[in-house]
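Shown here: data.cif, mmCIF, C-alpha atoms.
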```cif
data_start
#
loop_
_atom_site.label_atom_id
_atom_site.label_comp_id
_atom_site.auth_asym_id
_atom_site.auth_seq_id
_atom_site.Cartn_x
_atom_site.Cartn_y
_atom_site.Cartn_z
CA MET A 8 8.77 -30.88 8.01
CA SER A 9 10.61 -27.70 8.80
CA PHE A 10 11.31 -24.26 7.42
CA THR A 11 14.54 -22.36 7.31
CA ASP A 12 14.47 -18.95 8.94
CA ARG A 13 14.17 -17.33 5.52
CA GLU A 14 11.42 -19.65 4.35
CA PHE A 15 9.53 -18.94 7.58
CA TRP A 16 9.63 -15.18 7.03
CA THR A 17 8.61 -15.42 3.37
CA VAL A 18 5.68 -17.65 4.35
CA ILE A 19 4.64 -15.15 7.03
CA HIS A 20 5.05 -12.25 4.60
CA GLY A 21 3.15 -13.79 1.71
CA MET A 22 0.77 -16.41 3.02
CA GLY A 23 0.24 -15.38 6.63
CA PHE A 24 -0.28 -11.67 6.21
CA GLY A 25 -1.77 -12.19 2.74
CA ALA A 26 -4.54 -14.46 4.01
CA ILE A 27 -5.47 -12.09 6.83
CA PHE A 28 -5.40 -9.17 4.39
CA LEU A 29 -7.81 -10.95 2.03
CA LEU A 30 -10.26 -11.77 4.81
CA ALA A 31 -10.14 -8.23 6.18
CA PHE A 32 -10.69 -6.80 2.71
CA ALA A 33 -13.72 -8.97 2.06
CA GLY A 34 -15.30 -8.10 5.39
CA GLY A 35 -14.41 -4.43 5.16
CA LEU A 36 -15.76 -4.00 1.65
CA ALA A 37 -19.01 -5.77 2.48
CA GLY A 38 -19.30 -3.61 5.58
CA LEU A 39 -18.73 -0.39 3.65
CA TRP A 40 -21.21 -1.40 0.96
CA SER A 41 -24.02 -2.14 3.39
CA PHE A 42 -23.37 0.75 5.79
CA ARG A 43 -26.48 2.69 4.73
CA PRO A 44 -29.57 3.71 6.68
CA GLU A 45 -31.79 2.32 3.91
CA TYR A 46 -30.29 -1.15 4.41
CA VAL A 47 -30.08 -1.43 8.18
CA THR A 48 -31.67 -0.07 11.32
CA ILE A 49 -29.91 2.27 13.74
CA ALA A 50 -29.14 -0.73 15.92
CA GLY A 51 -27.77 -2.50 12.87
CA LEU A 52 -25.49 0.41 12.05
CA HIS A 53 -24.09 0.31 15.59
CA GLU A 54 -23.45 -3.40 15.28
CA ARG A 55 -21.91 -3.15 11.81
CA LEU A 56 -19.68 -0.24 12.76
CA ARG A 57 -17.70 -2.46 15.13
CA ARG A 58 -17.02 -4.99 12.36
CA LEU A 59 -16.27 -2.23 9.89
CA LEU A 60 -13.70 -0.69 12.22
CA ALA A 61 -12.13 -4.08 12.81
CA GLY A 62 -12.05 -4.96 9.10
CA THR A 63 -10.56 -1.69 7.93
CA TRP A 64 -7.97 -1.39 10.70
CA ILE A 65 -6.90 -5.02 10.47
CA MET A 66 -6.42 -4.60 6.73
CA ALA A 67 -4.38 -1.44 7.22
CA ILE A 68 -2.19 -2.92 9.98
CA VAL A 69 -1.61 -6.14 8.09
CA ALA A 70 -0.75 -4.19 4.94
CA TRP A 71 1.94 -2.33 6.89
CA LEU A 72 3.29 -5.54 8.37
CA THR A 73 3.40 -7.06 4.90
CA VAL A 74 5.35 -4.26 3.21
CA ILE A 75 7.71 -3.83 6.17
CA SER A 76 8.47 -7.55 6.41
CA GLY A 77 8.88 -7.66 2.66
CA THR A 78 11.17 -4.64 2.33
CA TYR A 79 13.28 -5.26 5.44
CA LYS A 80 13.35 -9.08 5.65
CA ALA A 81 12.62 -10.87 2.37
CA TYR A 82 13.81 -8.24 -0.11
CA PRO A 83 17.40 -8.00 1.21
CA TRP A 84 17.70 -11.77 0.87
CA TYR A 85 16.30 -11.55 -2.65
CA ARG A 86 18.64 -8.81 -3.85
CA ALA A 87 21.85 -9.86 -2.10
CA ASN A 88 24.88 -9.86 -4.40
CA PRO A 89 26.61 -13.24 -4.77
CA PRO A 90 30.32 -13.52 -4.15
CA GLU A 91 32.48 -14.70 -7.03
CA GLY A 92 31.73 -18.30 -7.95
CA ALA A 93 28.75 -18.63 -5.63
CA ASP A 94 25.80 -20.93 -6.30
CA LEU A 95 23.18 -18.57 -7.68
CA SER A 96 20.32 -20.64 -6.29
CA ASP A 97 21.02 -18.83 -3.00
CA PHE A 98 20.77 -15.42 -4.71
CA PRO A 99 17.34 -15.11 -6.34
CA ARG A 100 17.79 -11.81 -8.15
CA SER A 101 21.11 -12.80 -9.66
CA ARG A 102 19.70 -16.16 -10.66
CA LEU A 103 16.79 -14.53 -12.48
CA LEU A 104 19.07 -12.06 -14.27
CA ALA A 105 21.56 -14.75 -15.29
CA ASP A 106 19.03 -16.23 -17.70
CA GLU A 107 17.35 -14.02 -20.30
CA THR A 108 14.26 -16.24 -20.21
CA THR A 109 13.73 -15.38 -16.54
CA ALA A 110 15.17 -11.84 -16.35
CA ALA A 111 11.76 -10.24 -16.88
CA TRP A 112 10.57 -11.74 -13.61
CA HIS A 113 12.96 -9.30 -11.97
CA HIS A 114 12.94 -6.34 -14.38
CA PHE A 115 9.16 -6.25 -14.52
CA GLY A 116 7.67 -8.51 -11.87
CA MET A 117 9.86 -7.70 -8.88
CA GLU A 118 10.39 -4.07 -9.84
CA TRP A 119 6.63 -3.55 -9.99
CA LYS A 120 5.81 -5.58 -6.92
CA GLU A 121 8.34 -3.95 -4.60
CA HIS A 122 7.06 -0.46 -5.35
CA VAL A 123 3.31 -0.77 -5.95
CA ALA A 124 2.85 -2.75 -2.75
CA TRP A 125 3.49 0.34 -0.66
CA LEU A 126 0.39 2.06 -2.05
CA ALA A 127 -1.75 -0.52 -0.23
CA PRO A 128 -1.07 0.42 3.41
CA ILE A 129 -1.20 4.16 2.69
CA LEU A 130 -4.63 3.89 1.08
CA ALA A 131 -5.94 1.37 3.60
CA THR A 132 -4.89 3.57 6.51
CA ALA A 133 -6.73 6.55 5.03
CA VAL A 134 -9.90 4.46 4.78
CA ALA A 135 -9.57 3.06 8.29
CA PHE A 136 -9.07 6.56 9.69
CA VAL A 137 -12.12 7.94 7.91
CA VAL A 138 -14.29 5.06 9.16
CA MET A 139 -13.05 5.69 12.70
CA ARG A 140 -13.39 9.48 12.48
CA TYR A 141 -16.87 9.50 10.96
CA GLY A 142 -18.29 6.43 12.68
CA LEU A 143 -22.07 6.28 12.36
CA ALA A 144 -22.06 9.57 10.45
CA LEU A 145 -20.47 7.69 7.54
CA ALA A 146 -23.92 6.25 6.80
CA GLU A 147 -25.16 9.79 6.16
CA GLN A 148 -22.23 10.70 3.94
CA PRO A 149 -22.70 8.54 0.82
CA ALA A 150 -20.00 10.33 -1.18
CA VAL A 151 -17.42 9.75 1.55
CA ARG A 152 -18.55 6.15 1.98
CA ARG A 153 -18.27 5.49 -1.76
CA ALA A 154 -14.83 7.10 -1.77
CA CYS A 155 -13.82 4.77 1.04
CA MET A 156 -14.88 1.81 -1.05
CA VAL A 157 -12.92 3.05 -4.06
CA LEU A 158 -9.73 3.53 -2.06
CA PHE A 159 -10.29 0.24 -0.26
CA VAL A 160 -10.49 -1.57 -3.60
CA LEU A 161 -7.45 0.29 -4.97
CA SER A 162 -5.52 -0.74 -1.88
CA PHE A 163 -6.53 -4.33 -2.50
CA VAL A 164 -5.52 -4.13 -6.18
CA ALA A 165 -2.07 -2.79 -5.27
CA ALA A 166 -1.60 -5.58 -2.75
CA ALA A 167 -2.94 -8.19 -5.16
CA ILE A 168 -0.44 -7.21 -7.85
CA ALA A 169 2.36 -7.51 -5.33
CA GLY A 170 1.02 -10.79 -4.01
CA VAL A 171 0.59 -12.42 -7.40
CA PHE A 172 4.07 -11.49 -8.59
CA GLY A 173 5.49 -12.48 -5.24
CA ALA A 174 3.95 -15.91 -5.56
CA PHE A 175 5.22 -16.38 -9.12
CA ILE A 176 8.72 -15.15 -8.30
CA THR A 177 8.92 -17.33 -5.20
CA LYS A 178 7.85 -20.28 -7.34
CA THR A 179 10.62 -19.51 -9.83
CA VAL A 180 13.38 -18.58 -7.40
CA PRO A 181 12.42 -19.46 -3.83
CA ILE A 182 14.28 -17.83 -0.95
CA LEU A 183 15.74 -20.82 0.88
CA MET B 10 -14.40 7.69 17.29
CA ASN B 11 -17.66 9.25 16.25
CA THR B 12 -20.39 6.96 17.49
CA ARG B 13 -23.15 9.55 17.46
CA GLN B 14 -25.03 10.70 14.40
CA GLU B 15 -23.88 14.30 14.31
CA SER B 16 -23.15 16.74 11.62
CA ILE B 17 -19.56 16.27 10.49
CA THR B 18 -17.69 18.17 7.84
CA THR B 19 -15.99 16.62 4.82
CA GLY B 20 -12.70 18.19 5.86
CA PRO B 21 -11.19 15.23 7.73
CA ALA B 22 -12.01 12.76 4.95
CA SER B 23 -10.70 15.12 2.28
CA ALA B 24 -7.47 15.62 4.21
CA ALA B 25 -6.95 11.89 4.71
CA PHE B 26 -7.61 11.03 1.08
CA VAL B 27 -5.63 13.87 -0.52
CA ALA B 28 -2.69 13.14 1.78
CA ALA B 29 -2.83 9.46 0.81
CA GLY B 30 -2.80 10.53 -2.82
CA ILE B 31 0.24 12.70 -2.15
CA GLY B 32 2.01 9.75 -0.54
CA CYS B 33 1.32 7.59 -3.58
CA ALA B 34 2.45 10.29 -5.99
CA VAL B 35 5.66 10.87 -4.04
CA LEU B 36 6.47 7.17 -4.21
CA GLY B 37 5.98 7.26 -7.97
CA LEU B 38 8.09 10.39 -8.25
CA PHE B 39 11.04 9.05 -6.28
CA THR B 40 10.88 5.69 -8.04
CA THR B 41 11.22 7.45 -11.37
CA LEU B 42 13.83 9.94 -10.15
CA ALA B 43 15.97 7.13 -8.73
CA GLU B 44 15.99 5.55 -12.15
CA ALA B 45 16.96 8.80 -13.82
CA SER B 46 19.65 9.97 -11.45
CA THR B 47 22.49 8.08 -9.78
CA GLY B 48 22.80 10.85 -7.22
CA ILE B 49 19.16 10.56 -6.17
CA LYS B 50 19.40 6.79 -6.19
CA ASP B 51 22.39 6.97 -3.85
CA PHE B 52 20.59 9.48 -1.61
CA LEU B 53 17.66 7.08 -1.33
CA ASN B 54 19.89 4.17 -0.30
CA TRP B 55 19.03 4.51 3.38
CA TRP B 56 19.91 0.92 4.23
CA ASP B 57 22.30 -1.10 2.09
CA PRO B 58 20.59 -4.49 2.31
CA GLY B 59 17.31 -2.97 1.12
CA GLY B 60 18.85 -0.45 -1.23
CA PRO B 61 17.10 2.63 -2.65
CA LEU B 62 13.68 1.07 -2.04
CA THR B 63 14.09 1.99 1.62
CA GLY B 64 14.52 5.66 0.79
CA LYS B 65 11.80 5.79 -1.86
CA THR B 66 9.24 4.30 0.49
CA GLY B 67 10.63 6.18 3.48
CA MET B 68 10.23 9.52 1.72
CA ALA B 69 6.72 8.57 0.59
CA VAL B 70 5.64 7.71 4.14
CA ILE B 71 7.24 10.80 5.69
CA ILE B 72 5.74 13.20 3.15
CA TRP B 73 2.38 11.43 3.36
CA LEU B 74 2.25 11.89 7.12
CA ILE B 75 3.37 15.52 6.98
CA ALA B 76 0.79 16.28 4.29
CA TRP B 77 -1.90 14.58 6.35
CA ILE B 78 -1.08 16.54 9.49
CA VAL B 79 -1.03 19.84 7.58
CA LEU B 80 -4.23 19.19 5.63
CA HIS B 81 -6.07 17.84 8.65
CA GLN B 82 -5.17 20.90 10.67
CA ALA B 83 -6.33 23.15 7.83
CA TRP B 84 -9.56 21.34 6.93
CA ARG B 85 -10.76 19.48 10.02
CA ASN B 86 -13.61 21.86 10.78
CA LYS B 87 -14.35 22.87 7.21
CA SER B 88 -16.73 21.58 4.56
CA VAL B 89 -14.25 21.15 1.76
CA ASP B 90 -15.55 20.43 -1.75
CA PHE B 91 -15.29 16.66 -1.34
CA GLY B 92 -15.86 15.85 -4.99
CA ARG B 93 -12.94 18.01 -6.00
CA ALA B 94 -10.75 16.67 -3.21
CA PHE B 95 -11.47 13.10 -4.21
CA THR B 96 -10.77 13.84 -7.86
CA ILE B 97 -7.42 15.26 -6.85
CA THR B 98 -6.84 12.14 -4.76
CA LEU B 99 -7.50 9.83 -7.69
CA VAL B 100 -5.23 11.85 -9.99
CA LEU B 101 -2.43 11.66 -7.43
CA ILE B 102 -2.92 7.91 -6.97
CA GLY B 103 -2.86 7.56 -10.75
CA LEU B 104 0.45 9.40 -10.89
CA GLY B 105 1.78 7.12 -8.22
CA ALA B 106 0.62 4.04 -10.08
CA ILE B 107 2.27 5.27 -13.28
CA GLY B 108 5.47 6.25 -11.52
CA THR B 109 5.80 2.81 -9.94
CA PHE B 110 5.10 0.93 -13.17
CA PRO B 111 8.37 -0.52 -14.50
CA THR B 112 7.62 0.08 -18.17
CA PHE B 113 7.32 3.78 -17.33
CA PHE B 114 10.11 4.46 -14.86
CA GLN B 115 12.60 2.32 -16.76
CA LEU B 116 12.22 4.74 -19.66
CA PHE B 117 14.26 7.14 -17.56
CA ALA B 118 17.06 4.69 -16.79
CA HIS B 119 20.43 6.32 -17.14
#
```

Rewritten as structure tokens:
Amino acid sequence: MSFTDREFWTVIHGMGFGAIFLLAFAGGLAGLWSFRPEYVTIAGLHERLRRLLAGTWIMAIVAWLTVISGTYKAYPWYRANPPEGADLSDFPRSRLLADETTAAWHHFGMEWKEHVAWLAPILATAVAFVVMRYGLALAEQPAVRRACMVLFVLSFVAAAIAGVFGAFITKTVPIL
Amino acid sequence: MNTRQESITTGPASAAFVAAGIGCAVLGLFTTLAEASTGIKDFLNWWDPGGPLTGKTGMAVIIWLIAWIVLHQAWRNKSVDFGRAFTITLVLIGLGAIGTFPTFFQLFAH
């Protein structure tokens, strides 16, 4: 069992960072939801703040690692132009476009994924910063806390769209 | 990090969220502009292997960070109308989502 260099990076990009992102999102969202004085004691808020900071910052950092590894490692391999007469199985984009039954995976799937993904780290970083900046005071600012949850979920949705299409496209035209 | 329960204005949160919205909107804008104009598409080709995506996302990140710095400096000690700021944020994110949706930006393909 072994991976090529390219397979390794696409696994790291999609499955490695994706799994950590999902876990951080789940923990961060639960932490934001329950970060209220009516739900927990002062001691509880102190304890939950540490996890909330970890969850939101891990999600933000992993989101950046995901889009950077995608754009600067996997994407160039995906979009490389094949030389004349080359085997298109080594050139995913060209292979998708060569067949009208698969072209939409690129025109819609990849085109959406490669752009929308970048919304995720921007939104996640804003949330992580606000959690850090406000700290315990976030429990006394319900509007800000709710806004954090909304942006946190939107960040997840952006990443989920990218992840789903990435998985489908990799299934159709894997980067070998 | 604020670990004490103290009064804190809505300025820093408003700045962070509005700036994030600006970053999203800029990404949508440049994605659409790159489709509409060969010149802009070429300008955004910051790194050949990655193509114009590198410039679109690069511009979005740069403008996001600049907007954040400016807004944070302006609002950090102020109680900004958070509801209004967040509404603006959501509108900007919406514009970014539309601008990065292929069915939309491909309408402008030249």

Using only C-alpha atoms, tabulate the residues of chain A lying at most 6 Å from any atom of chain B, each with its closest atom pair and that distance in Å to one decimal, by chain and increasing residue number, as a tab-separated table.
```
residue	atom	partner	partner_atom	distance
A:Pro83	CA	B:Pro58	CA	4.9
A:Phe115	CA	B:Pro111	CA	5.8
A:Trp119	CA	B:Phe110	CA	5.7
A:His122	CA	B:Thr109	CA	5.8
A:Val123	CA	B:Thr109	CA	5.9
A:Leu126	CA	B:Cys33	CA	5.8
A:Ile129	CA	B:Ala29	CA	5.9
A:Leu130	CA	B:Ala29	CA	5.9
A:Ala133	CA	B:Ala25	CA	5.4
A:Val137	CA	B:Ala22	CA	5.7
A:Met139	CA	B:Met10	CA	5.2
A:Arg140	CA	B:Met10	CA	5.2
A:Tyr141	CA	B:Asn11	CA	5.4
A:Gly142	CA	B:Asn11	CA	4.6
A:Leu143	CA	B:Thr12	CA	5.4
A:Ala144	CA	B:Gln14	CA	5.1
```

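With distances restricted to only C-alpha atoms, A:Pro181 is the closest residue to Phe15 in chain A from A:Arg153, A:Thr63, A:Pro181, A:Leu36.
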
Exercise for review: In Å, rounded to a single decimal, give me how far CA of Ala131 in chain A is from CA of Phe163 in chain A.
Suggested key: 8.4 Å

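Nearest to Ile72 in chain B of all the residues B:Leu104, B:Ala45, B:Val35, B:Ala118 is B:Val35, counting all atoms listed in the file.
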
Exercise for review: Would you list the contacts of Glu54 in chain A as number ranges by chain, taking every protein, DNA or RNA residue within 12 Å and counting only C-alpha atoms, but skipping same-chain residues closer than 2 positions in sequence?
Suggested key: A: 38, 41-42, 47-52, 56-61, 142-143; B: 12

Could you save those same residues with C-alpha atoms as an mmCIF file, keeping the file's coordinate frame?
```cif
data_model
loop_
_atom_site.group_PDB
_atom_site.id
_atom_site.type_symbol
_atom_site.label_atom_id
_atom_site.label_comp_id
_atom_site.auth_asym_id
_atom_site.auth_seq_id
_atom_site.Cartn_x
_atom_site.Cartn_y
_atom_site.Cartn_z
ATOM 1 C CA GLY A 38 -19.300 -3.610 5.580
ATOM 2 C CA SER A 41 -24.020 -2.140 3.390
ATOM 3 C CA PHE A 42 -23.370 0.750 5.790
ATOM 4 C CA VAL A 47 -30.080 -1.430 8.180
ATOM 5 C CA THR A 48 -31.670 -0.070 11.320
ATOM 6 C CA ILE A 49 -29.910 2.270 13.740
ATOM 7 C CA ALA A 50 -29.140 -0.730 15.920
ATOM 8 C CA GLY A 51 -27.770 -2.500 12.870
ATOM 9 C CA LEU A 52 -25.490 0.410 12.050
ATOM 10 C CA LEU A 56 -19.680 -0.240 12.760
ATOM 11 C CA ARG A 57 -17.700 -2.460 15.130
ATOM 12 C CA ARG A 58 -17.020 -4.990 12.360
ATOM 13 C CA LEU A 59 -16.270 -2.230 9.890
ATOM 14 C CA LEU A 60 -13.700 -0.690 12.220
ATOM 15 C CA ALA A 61 -12.130 -4.080 12.810
ATOM 16 C CA GLY A 142 -18.290 6.430 12.680
ATOM 17 C CA LEU A 143 -22.070 6.280 12.360
ATOM 18 C CA THR B 12 -20.390 6.960 17.490
#
```

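In this comparison, which uses all atoms listed in the file, the residue of A:Trp84, A:Phe98, A:Phe32, A:Tyr46 approaching Val69 in chain A most closely is A:Phe32.
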
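Computed from the coordinates, the CA of Met117 in chain A to CA of Phe172 in chain A distance equals 6.9 Å.
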
Could you model N, CA and C atoms for range 66-100 of chain A and present them as a PDB file, keeping the file's coordinate frame?
```pdb
ATOM      1  N   MET A  66      -6.996  -4.627   8.064  1.00  0.00           N
ATOM      2  CA  MET A  66      -6.420  -4.600   6.730  1.00  0.00           C
ATOM      3  C   MET A  66      -5.265  -3.607   6.660  1.00  0.00           C
ATOM      4  N   ALA A  67      -5.444  -2.445   7.256  1.00  0.00           N
ATOM      5  CA  ALA A  67      -4.380  -1.440   7.220  1.00  0.00           C
ATOM      6  C   ALA A  67      -3.139  -1.926   7.970  1.00  0.00           C
ATOM      7  N   ILE A  68      -3.333  -2.452   9.169  1.00  0.00           N
ATOM      8  CA  ILE A  68      -2.190  -2.920   9.980  1.00  0.00           C
ATOM      9  C   ILE A  68      -1.465  -4.066   9.287  1.00  0.00           C
ATOM     10  N   VAL A  69      -2.235  -5.007   8.763  1.00  0.00           N
ATOM     11  CA  VAL A  69      -1.610  -6.140   8.090  1.00  0.00           C
ATOM     12  C   VAL A  69      -0.884  -5.699   6.825  1.00  0.00           C
ATOM     13  N   ALA A  70      -1.430  -4.717   6.125  1.00  0.00           N
ATOM     14  CA  ALA A  70      -0.750  -4.190   4.940  1.00  0.00           C
ATOM     15  C   ALA A  70       0.611  -3.601   5.318  1.00  0.00           C
ATOM     16  N   TRP A  71       0.664  -2.867   6.423  1.00  0.00           N
ATOM     17  CA  TRP A  71       1.940  -2.330   6.890  1.00  0.00           C
ATOM     18  C   TRP A  71       2.910  -3.444   7.266  1.00  0.00           C
ATOM     19  N   LEU A  72       2.423  -4.426   7.980  1.00  0.00           N
ATOM     20  CA  LEU A  72       3.290  -5.540   8.370  1.00  0.00           C
ATOM     21  C   LEU A  72       3.823  -6.264   7.136  1.00  0.00           C
ATOM     22  N   THR A  73       2.994  -6.358   6.118  1.00  0.00           N
ATOM     23  CA  THR A  73       3.400  -7.060   4.900  1.00  0.00           C
ATOM     24  C   THR A  73       4.511  -6.307   4.182  1.00  0.00           C
ATOM     25  N   VAL A  74       4.335  -5.000   3.969  1.00  0.00           N
ATOM     26  CA  VAL A  74       5.350  -4.260   3.210  1.00  0.00           C
ATOM     27  C   VAL A  74       6.638  -4.105   4.022  1.00  0.00           C
ATOM     28  N   ILE A  75       6.510  -3.970   5.335  1.00  0.00           N
ATOM     29  CA  ILE A  75       7.710  -3.830   6.170  1.00  0.00           C
ATOM     30  C   ILE A  75       8.482  -5.140   6.208  1.00  0.00           C
ATOM     31  N   SER A  76       7.784  -6.248   6.388  1.00  0.00           N
ATOM     32  CA  SER A  76       8.470  -7.550   6.410  1.00  0.00           C
ATOM     33  C   SER A  76       9.060  -7.857   5.033  1.00  0.00           C
ATOM     34  N   GLY A  77       8.359  -7.432   4.003  1.00  0.00           N
ATOM     35  CA  GLY A  77       8.880  -7.660   2.660  1.00  0.00           C
ATOM     36  C   GLY A  77      10.123  -6.840   2.384  1.00  0.00           C
ATOM     37  N   THR A  78      10.062  -5.548   2.651  1.00  0.00           N
ATOM     38  CA  THR A  78      11.170  -4.640   2.330  1.00  0.00           C
ATOM     39  C   THR A  78      12.384  -4.885   3.217  1.00  0.00           C
ATOM     40  N   TYR A  79      12.156  -5.197   4.500  1.00  0.00           N
ATOM     41  CA  TYR A  79      13.280  -5.260   5.440  1.00  0.00           C
ATOM     42  C   TYR A  79      13.706  -6.682   5.822  1.00  0.00           C
ATOM     43  N   LYS A  80      12.927  -7.706   5.386  1.00  0.00           N
ATOM     44  CA  LYS A  80      13.350  -9.080   5.650  1.00  0.00           C
ATOM     45  C   LYS A  80      13.591  -9.842   4.356  1.00  0.00           C
ATOM     46  N   ALA A  81      12.521 -10.030   3.567  1.00  0.00           N
ATOM     47  CA  ALA A  81      12.620 -10.870   2.370  1.00  0.00           C
ATOM     48  C   ALA A  81      13.415 -10.212   1.247  1.00  0.00           C
ATOM     49  N   TYR A  82      13.176  -8.929   1.027  1.00  0.00           N
ATOM     50  CA  TYR A  82      13.810  -8.240  -0.110  1.00  0.00           C
ATOM     51  C   TYR A  82      15.344  -8.225  -0.026  1.00  0.00           C
ATOM     52  N   PRO A  83      15.932  -7.931   1.130  1.00  0.00           N
ATOM     53  CA  PRO A  83      17.400  -8.000   1.210  1.00  0.00           C
ATOM     54  C   PRO A  83      17.943  -9.376   0.837  1.00  0.00           C
ATOM     55  N   TRP A  84      17.249 -10.442   1.245  1.00  0.00           N
ATOM     56  CA  TRP A  84      17.700 -11.770   0.870  1.00  0.00           C
ATOM     57  C   TRP A  84      17.566 -11.960  -0.635  1.00  0.00           C
ATOM     58  N   TYR A  85      16.531 -11.422  -1.214  1.00  0.00           N
ATOM     59  CA  TYR A  85      16.300 -11.550  -2.650  1.00  0.00           C
ATOM     60  C   TYR A  85      17.390 -10.852  -3.463  1.00  0.00           C
ATOM     61  N   ARG A  86      17.771  -9.643  -3.031  1.00  0.00           N
ATOM     62  CA  ARG A  86      18.640  -8.810  -3.850  1.00  0.00           C
ATOM     63  C   ARG A  86      20.118  -8.907  -3.482  1.00  0.00           C
ATOM     64  N   ALA A  87      20.465  -9.765  -2.540  1.00  0.00           N
ATOM     65  CA  ALA A  87      21.850  -9.860  -2.100  1.00  0.00           C
ATOM     66  C   ALA A  87      22.752 -10.228  -3.282  1.00  0.00           C
ATOM     67  N   ASN A  88      23.927  -9.595  -3.324  1.00  0.00           N
ATOM     68  CA  ASN A  88      24.880  -9.860  -4.400  1.00  0.00           C
ATOM     69  C   ASN A  88      25.718 -11.096  -4.088  1.00  0.00           C
ATOM     70  N   PRO A  89      25.837 -12.016  -5.043  1.00  0.00           N
ATOM     71  CA  PRO A  89      26.610 -13.240  -4.770  1.00  0.00           C
ATOM     72  C   PRO A  89      28.107 -12.981  -4.863  1.00  0.00           C
ATOM     73  N   PRO A  90      28.862 -13.602  -3.998  1.00  0.00           N
ATOM     74  CA  PRO A  90      30.320 -13.520  -4.150  1.00  0.00           C
ATOM     75  C   PRO A  90      30.752 -14.299  -5.393  1.00  0.00           C
ATOM     76  N   GLU A  91      31.945 -14.048  -5.830  1.00  0.00           N
ATOM     77  CA  GLU A  91      32.480 -14.700  -7.030  1.00  0.00           C
ATOM     78  C   GLU A  91      32.376 -16.218  -6.912  1.00  0.00           C
ATOM     79  N   GLY A  92      31.787 -16.839  -7.923  1.00  0.00           N
ATOM     80  CA  GLY A  92      31.730 -18.300  -7.950  1.00  0.00           C
ATOM     81  C   GLY A  92      30.641 -18.921  -7.107  1.00  0.00           C
ATOM     82  N   ALA A  93      29.767 -18.089  -6.524  1.00  0.00           N
ATOM     83  CA  ALA A  93      28.750 -18.630  -5.630  1.00  0.00           C
ATOM     84  C   ALA A  93      27.647 -19.345  -6.414  1.00  0.00           C
ATOM     85  N   ASP A  94      26.953 -20.234  -5.728  1.00  0.00           N
ATOM     86  CA  ASP A  94      25.800 -20.930  -6.300  1.00  0.00           C
ATOM     87  C   ASP A  94      24.647 -19.933  -6.346  1.00  0.00           C
ATOM     88  N   LEU A  95      24.201 -19.603  -7.552  1.00  0.00           N
ATOM     89  CA  LEU A  95      23.180 -18.570  -7.680  1.00  0.00           C
ATOM     90  C   LEU A  95      21.809 -18.976  -7.137  1.00  0.00           C
ATOM     91  N   SER A  96      21.620 -20.235  -6.834  1.00  0.00           N
ATOM     92  CA  SER A  96      20.320 -20.640  -6.290  1.00  0.00           C
ATOM     93  C   SER A  96      20.074 -19.992  -4.923  1.00  0.00           C
ATOM     94  N   ASP A  97      21.150 -19.524  -4.281  1.00  0.00           N
ATOM     95  CA  ASP A  97      21.020 -18.830  -3.000  1.00  0.00           C
ATOM     96  C   ASP A  97      20.864 -17.321  -3.183  1.00  0.00           C
ATOM     97  N   PHE A  98      20.850 -16.845  -4.423  1.00  0.00           N
ATOM     98  CA  PHE A  98      20.770 -15.420  -4.710  1.00  0.00           C
ATOM     99  C   PHE A  98      19.719 -15.203  -5.798  1.00  0.00           C
ATOM    100  N   PRO A  99      18.452 -15.119  -5.384  1.00  0.00           N
ATOM    101  CA  PRO A  99      17.340 -15.110  -6.340  1.00  0.00           C
ATOM    102  C   PRO A  99      17.436 -14.079  -7.451  1.00  0.00           C
ATOM    103  N   ARG A 100      17.758 -12.825  -7.103  1.00  0.00           N
ATOM    104  CA  ARG A 100      17.790 -11.810  -8.150  1.00  0.00           C
ATOM    105  C   ARG A 100      18.838 -12.141  -9.199  1.00  0.00           C
TER     106      ARG A 100
END
```
